[in-house]
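**Q** Following this line is run_4.cif, made up of mmCIF, C-alpha atoms:
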data_entry
loop_
_atom_site.group_PDB
_atom_site.id
_atom_site.type_symbol
_atom_site.label_atom_id
_atom_site.label_comp_id
_atom_site.auth_asym_id
_atom_site.auth_seq_id
_atom_site.Cartn_x
_atom_site.Cartn_y
_atom_site.Cartn_z
ATOM 1 C CA MET A 199 36.826 35.388 31.530
ATOM 2 C CA ARG A 200 36.645 36.625 28.001
ATOM 3 C CA ASN A 201 33.394 36.832 26.095
ATOM 4 C CA VAL A 202 32.853 34.518 23.176
ATOM 5 C CA ASP A 203 31.052 36.142 20.252
ATOM 6 C CA HIS A 204 29.489 32.913 19.108
ATOM 7 C CA LYS A 205 29.043 29.548 20.660
ATOM 8 C CA VAL A 206 31.036 26.697 19.097
ATOM 9 C CA GLU A 207 29.470 23.260 19.221
ATOM 10 C CA LYS A 208 31.665 20.288 20.081
ATOM 11 C CA GLU A 209 31.860 17.862 17.203
ATOM 12 C CA SER A 210 34.123 15.417 18.980
ATOM 13 C CA SER A 211 36.253 14.900 22.077
ATOM 14 C CA LEU A 212 40.003 14.819 22.601
ATOM 15 C CA GLY A 213 39.425 11.448 24.214
ATOM 16 C CA LEU A 214 38.788 10.053 20.726
ATOM 17 C CA VAL A 215 42.248 10.991 19.486
ATOM 18 C CA VAL A 216 44.580 8.028 18.991
ATOM 19 C CA LYS A 217 46.115 6.866 22.255
ATOM 20 C CA VAL A 218 49.663 5.551 22.583
ATOM 21 C CA GLN A 219 48.354 2.218 23.830
ATOM 22 C CA GLN A 220 46.307 1.788 20.645
ATOM 23 C CA VAL A 221 49.349 2.485 18.484
ATOM 24 C CA ILE A 222 51.383 -0.078 20.425
ATOM 25 C CA ASP A 223 48.593 -2.667 20.444
ATOM 26 C CA PHE A 224 48.071 -2.273 16.702
ATOM 27 C CA ILE A 225 51.739 -2.704 15.823
ATOM 28 C CA VAL A 226 52.255 -5.575 18.294
ATOM 29 C CA LEU A 227 49.194 -7.540 17.219
ATOM 30 C CA GLY A 228 49.869 -6.887 13.550
ATOM 31 C CA GLU A 229 53.389 -8.280 13.884
ATOM 32 C CA LEU A 230 52.349 -11.224 16.031
ATOM 33 C CA GLN A 231 50.158 -12.401 13.175
ATOM 34 C CA ASN A 232 53.434 -13.240 11.417
ATOM 35 C CA GLY A 233 54.508 -15.509 14.276
ATOM 36 C CA ARG A 234 55.808 -15.293 17.823
ATOM 37 C CA LYS A 235 58.119 -12.463 18.779
ATOM 38 C CA TYR A 236 60.341 -11.710 21.733
ATOM 39 C CA GLY A 237 59.798 -8.536 23.745
ATOM 40 C CA LYS A 238 63.051 -6.988 22.495
ATOM 41 C CA GLN A 239 62.078 -7.797 18.904
ATOM 42 C CA ILE A 240 58.752 -6.052 19.430
ATOM 43 C CA ASP A 241 60.549 -2.999 20.815
ATOM 44 C CA GLN A 242 62.718 -2.843 17.694
ATOM 45 C CA ILE A 243 59.725 -3.342 15.387
ATOM 46 C CA ILE A 244 57.884 -0.412 17.002
ATOM 47 C CA THR A 245 60.952 1.834 16.796
ATOM 48 C CA GLN A 246 61.476 0.914 13.153
ATOM 49 C CA ALA A 247 57.795 1.359 12.243
ATOM 50 C CA LEU A 248 57.810 4.830 13.814
ATOM 51 C CA ASP A 249 61.107 5.894 12.230
ATOM 52 C CA GLY A 250 63.182 6.015 15.399
ATOM 53 C CA VAL A 251 60.433 6.923 17.841
ATOM 54 C CA GLY A 252 60.296 4.202 20.450
ATOM 55 C CA VAL A 253 58.443 3.444 23.620
ATOM 56 C CA ASN A 254 59.642 3.256 27.208
ATOM 57 C CA ASP A 255 60.657 -0.328 28.090
ATOM 58 C CA SER A 256 58.478 -0.498 31.194
ATOM 59 C CA TYR A 257 55.462 0.905 29.329
ATOM 60 C CA LEU A 258 55.898 -1.664 26.564
ATOM 61 C CA ALA A 259 56.166 -4.424 29.179
ATOM 62 C CA GLN A 260 52.924 -3.159 30.762
ATOM 63 C CA ARG A 261 51.127 -3.157 27.400
ATOM 64 C CA LEU A 262 52.343 -6.671 26.583
ATOM 65 C CA LYS A 263 51.227 -7.855 30.016
ATOM 66 C CA LYS A 264 47.823 -6.187 29.518
ATOM 67 C CA LEU A 265 47.388 -7.825 26.101
ATOM 68 C CA ALA A 266 48.103 -11.188 27.730
ATOM 69 C CA GLU A 267 45.748 -10.502 30.669
ATOM 70 C CA LYS A 268 42.942 -9.611 28.262
ATOM 71 C CA GLY A 269 43.547 -12.813 26.320
ATOM 72 C CA HIS A 270 44.756 -11.057 23.161
ATOM 73 C CA ALA A 271 48.206 -12.653 23.389
ATOM 74 C CA THR A 272 50.022 -15.335 25.292
ATOM 75 C CA SER A 273 53.430 -14.963 26.859
ATOM 76 C CA SER A 274 55.927 -17.684 27.603
ATOM 77 C CA TRP A 275 59.524 -18.024 28.657
ATOM 78 C CA GLU A 276 61.897 -19.729 26.290
ATOM 79 C CA ASP A 277 62.977 -22.919 28.069
ATOM 80 C CA ASP A 278 64.658 -22.008 31.356
ATOM 81 C CA ASN A 279 65.941 -18.690 30.055
ATOM 82 C CA ARG A 280 64.031 -16.062 32.057
ATOM 83 C CA TYR A 281 65.411 -13.276 29.879
ATOM 84 C CA ASN A 282 63.690 -14.202 26.622
ATOM 85 C CA ARG A 283 59.925 -13.950 26.967
ATOM 86 C CA TYR A 284 58.056 -14.383 23.737
ATOM 87 C CA TYR A 285 54.516 -13.479 22.735
ATOM 88 C CA GLU A 286 51.965 -15.029 20.414
ATOM 89 C CA ILE A 287 48.603 -13.721 19.234
ATOM 90 C CA THR A 288 45.336 -15.455 20.150
ATOM 91 C CA ASP A 289 41.986 -15.562 18.336
ATOM 92 C CA SER A 290 40.809 -12.790 20.660
ATOM 93 C CA GLY A 291 43.883 -10.770 19.668
ATOM 94 C CA ILE A 292 43.036 -11.182 16.001
ATOM 95 C CA GLU A 293 39.518 -9.888 16.677
ATOM 96 C CA TYR A 294 40.860 -6.938 18.695
ATOM 97 C CA PHE A 295 43.295 -6.168 15.860
ATOM 98 C CA LYS A 296 40.402 -6.164 13.356
ATOM 99 C CA GLN A 297 38.515 -3.768 15.636
ATOM 100 C CA LEU A 298 41.544 -1.456 15.719
ATOM 101 C CA GLN A 299 41.746 -1.647 11.918
ATOM 102 C CA ARG A 300 38.146 -0.400 11.759
ATOM 103 C CA ASP A 301 38.442 2.283 14.469
ATOM 104 C CA LEU A 302 41.906 3.742 14.034
ATOM 105 C CA PRO A 303 41.682 5.400 10.587
ATOM 106 C CA GLU A 304 39.027 7.834 11.818
ATOM 107 C CA ARG A 305 40.961 8.452 15.043
ATOM 108 C CA VAL A 306 44.200 9.071 13.139
ATOM 109 C CA GLU A 307 42.409 11.544 10.872
ATOM 110 C CA LEU A 308 41.077 13.359 13.940
ATOM 111 C CA ALA A 309 44.524 13.314 15.584
ATOM 112 C CA LEU A 310 46.139 14.856 12.505
ATOM 113 C CA LYS A 311 43.491 17.578 12.436
ATOM 114 C CA VAL A 312 43.870 18.283 16.166
ATOM 115 C CA TYR A 313 47.668 18.462 16.016
ATOM 116 C CA LYS A 314 47.596 20.832 13.032
ATOM 117 C CA LEU A 315 45.154 23.102 14.852
ATOM 118 C CA PHE A 316 47.199 22.874 18.041
ATOM 119 C CA GLU A 317 50.306 23.846 16.078
ATOM 120 C CA LYS A 318 48.479 27.014 14.994
ATOM 121 C CA THR A 319 47.458 27.647 18.598
ATOM 122 C CA MET A 320 51.057 27.314 19.809
ATOM 123 C CA LYS A 321 52.193 29.862 17.215
ATOM 124 C CA LYS A 322 49.467 32.206 18.378
ATOM 125 C CA TYR A 323 50.985 32.308 21.872
ATOM 126 C CA ASN A 324 54.663 32.514 20.824
#
In structure tokens, how does this file's structure come out?
**A**
Amino acid sequence: MRNVDHKVEKESSLGLVVKVQQVIDFIVLGELQNGRKYGKQIDQIITQALDGVGVNDSYLAQRLKKLAEKGHATSSWEDDNRYNRYYEITDSGIEYFKQLQRDLPERVELALKVYKLFEKTMKKYN
């Protein structure tokens, strides 16, 4: 183990950096405020919002299911067509979205700082 000349105090934790689920929840709930959306539409909205960076289909399905389980959204099948499930936001979802609006700016700022510092660390070891 190498000696550290001076002790560095933790100001924050990596656990406070923006999580993928928060990014997805924010985009989904933001869009659902404009009306109901189908799962495939939501997938396209996320990919467009993130300039071509998408999310795994099964992970998105899990997040949508979790939002419904927590009461932040409802999910329904369109008529008898079991392929087109659509989602709508609830009052609880609007409140959760407002919470994300308050919490995420600070987390994004921390994430940007952490990734810049990590980039320097990667260069150090290359």
**Q** As an exercise, work out the distance from atom CA of A:Asp289 to atom CA of A:His270 in Å and give it to one decimal place.
**A** 7.2 Å
**Q** Evaluate the PyMOL selection byres ((chain A and resi 298) around 12) here and jot the selected residues down as a PDB file with C-alpha atoms, in the frame of the given file.
**A**
ATOM      1  CA  VAL A 216      44.580   8.028  18.991  1.00  0.00           C
ATOM      2  CA  LYS A 217      46.115   6.866  22.255  1.00  0.00           C
ATOM      3  CA  GLN A 219      48.354   2.218  23.830  1.00  0.00           C
ATOM      4  CA  GLN A 220      46.307   1.788  20.645  1.00  0.00           C
ATOM      5  CA  VAL A 221      49.349   2.485  18.484  1.00  0.00           C
ATOM      6  CA  ILE A 222      51.383  -0.078  20.425  1.00  0.00           C
ATOM      7  CA  ASP A 223      48.593  -2.667  20.444  1.00  0.00           C
ATOM      8  CA  PHE A 224      48.071  -2.273  16.702  1.00  0.00           C
ATOM      9  CA  ILE A 225      51.739  -2.704  15.823  1.00  0.00           C
ATOM     10  CA  VAL A 226      52.255  -5.575  18.294  1.00  0.00           C
ATOM     11  CA  LEU A 227      49.194  -7.540  17.219  1.00  0.00           C
ATOM     12  CA  GLY A 228      49.869  -6.887  13.550  1.00  0.00           C
ATOM     13  CA  GLY A 291      43.883 -10.770  19.668  1.00  0.00           C
ATOM     14  CA  ILE A 292      43.036 -11.182  16.001  1.00  0.00           C
ATOM     15  CA  GLU A 293      39.518  -9.888  16.677  1.00  0.00           C
ATOM     16  CA  TYR A 294      40.860  -6.938  18.695  1.00  0.00           C
ATOM     17  CA  PHE A 295      43.295  -6.168  15.860  1.00  0.00           C
ATOM     18  CA  LYS A 296      40.402  -6.164  13.356  1.00  0.00           C
ATOM     19  CA  GLN A 297      38.515  -3.768  15.636  1.00  0.00           C
ATOM     20  CA  GLN A 299      41.746  -1.647  11.918  1.00  0.00           C
ATOM     21  CA  ARG A 300      38.146  -0.400  11.759  1.00  0.00           C
ATOM     22  CA  ASP A 301      38.442   2.283  14.469  1.00  0.00           C
ATOM     23  CA  LEU A 302      41.906   3.742  14.034  1.00  0.00           C
ATOM     24  CA  PRO A 303      41.682   5.400  10.587  1.00  0.00           C
ATOM     25  CA  GLU A 304      39.027   7.834  11.818  1.00  0.00           C
ATOM     26  CA  ARG A 305      40.961   8.452  15.043  1.00  0.00           C
ATOM     27  CA  VAL A 306      44.200   9.071  13.139  1.00  0.00           C
TER      28      VAL A 306
END
**Q** Could you name the residues that touch A:Leu230 at 6 Å or less, counting all atoms listed in the file, but leaving out those on the same chain fewer than 3 positions away, as a ChimeraX atom specification?
**A** /A:227,233-234,286-287
**Q** With C-alpha atoms kept, could you save the residues just selected as a short mmCIF file (atom, residue, chain, number, x, y, z; two decimals), keeping the file's coordinate frame?
**A**
data_model
loop_
_atom_site.label_atom_id
_atom_site.label_comp_id
_atom_site.auth_asym_id
_atom_site.auth_seq_id
_atom_site.Cartn_x
_atom_site.Cartn_y
_atom_site.Cartn_z
CA LEU A 227 49.19 -7.54 17.22
CA GLY A 233 54.51 -15.51 14.28
CA ARG A 234 55.81 -15.29 17.82
CA GLU A 286 51.96 -15.03 20.41
CA ILE A 287 48.60 -13.72 19.23
#
**Q** In Å, how far is it from atom CA of A:Tyr236 to atom CA of A:Ser256?
**A**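 Between atom CA of A:Tyr236 and atom CA of A:Ser256 the gap works out to 14.8 Å.
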**Q** What does the distance between atom CA of A:Ile240 and atom CA of A:Tyr313 come to in Å, to one decimal place?
**A**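 Between these atoms lies a distance of 27.1 Å.
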**Q** With all atoms listed in the file as the atoms that count, which of A:Met320, A:Leu308, A:Ala271, A:Leu265 lies nearest to A:Gln231?
**A** A:Ala271
**Q** Could you check which of A:Lys321, A:Lys264, A:Lys235, A:Lys205 is closest to A:Tyr284, using all atoms listed in the file?
**A** A:Lys235
**Q** Translate the PyMOL selection byres ((chain A and resi 241) around 8) into a concrete residue list for this structure, as a VMD selection string.
**A** chain A and resid 237 to 240 242 to 245 252 to 253 255 258
**Q** Take the point (55.0, -9.2, 26.8) in the file's coordinates, draw a sphere of radius 6 Å around it, and report as a compact mmCIF listing (two decimals) with C-alpha atoms, keeping the file's coordinate frame every protein, DNA or RNA residue with an atom inside or on it, counting all atoms listed in the file.
**A**
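Saved to out.txt:
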# COMPACT_ATOMS: atom_id res chain seq x y z
CA GLY A 237 59.80 -8.54 23.74
CA ALA A 259 56.17 -4.42 29.18
CA LEU A 262 52.34 -6.67 26.58
CA LYS A 263 51.23 -7.86 30.02
CA SER A 273 53.43 -14.96 26.86
CA TYR A 285 54.52 -13.48 22.74
**Q** When you count only C-alpha atoms, which of these residues is closest to A:Tyr257: A:His204, A:Arg283, A:Val218, A:Glu317?
**A**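 Of A:His204, A:Arg283, A:Val218, A:Glu317, the one nearest A:Tyr257 is A:Val218, counting only C-alpha atoms.
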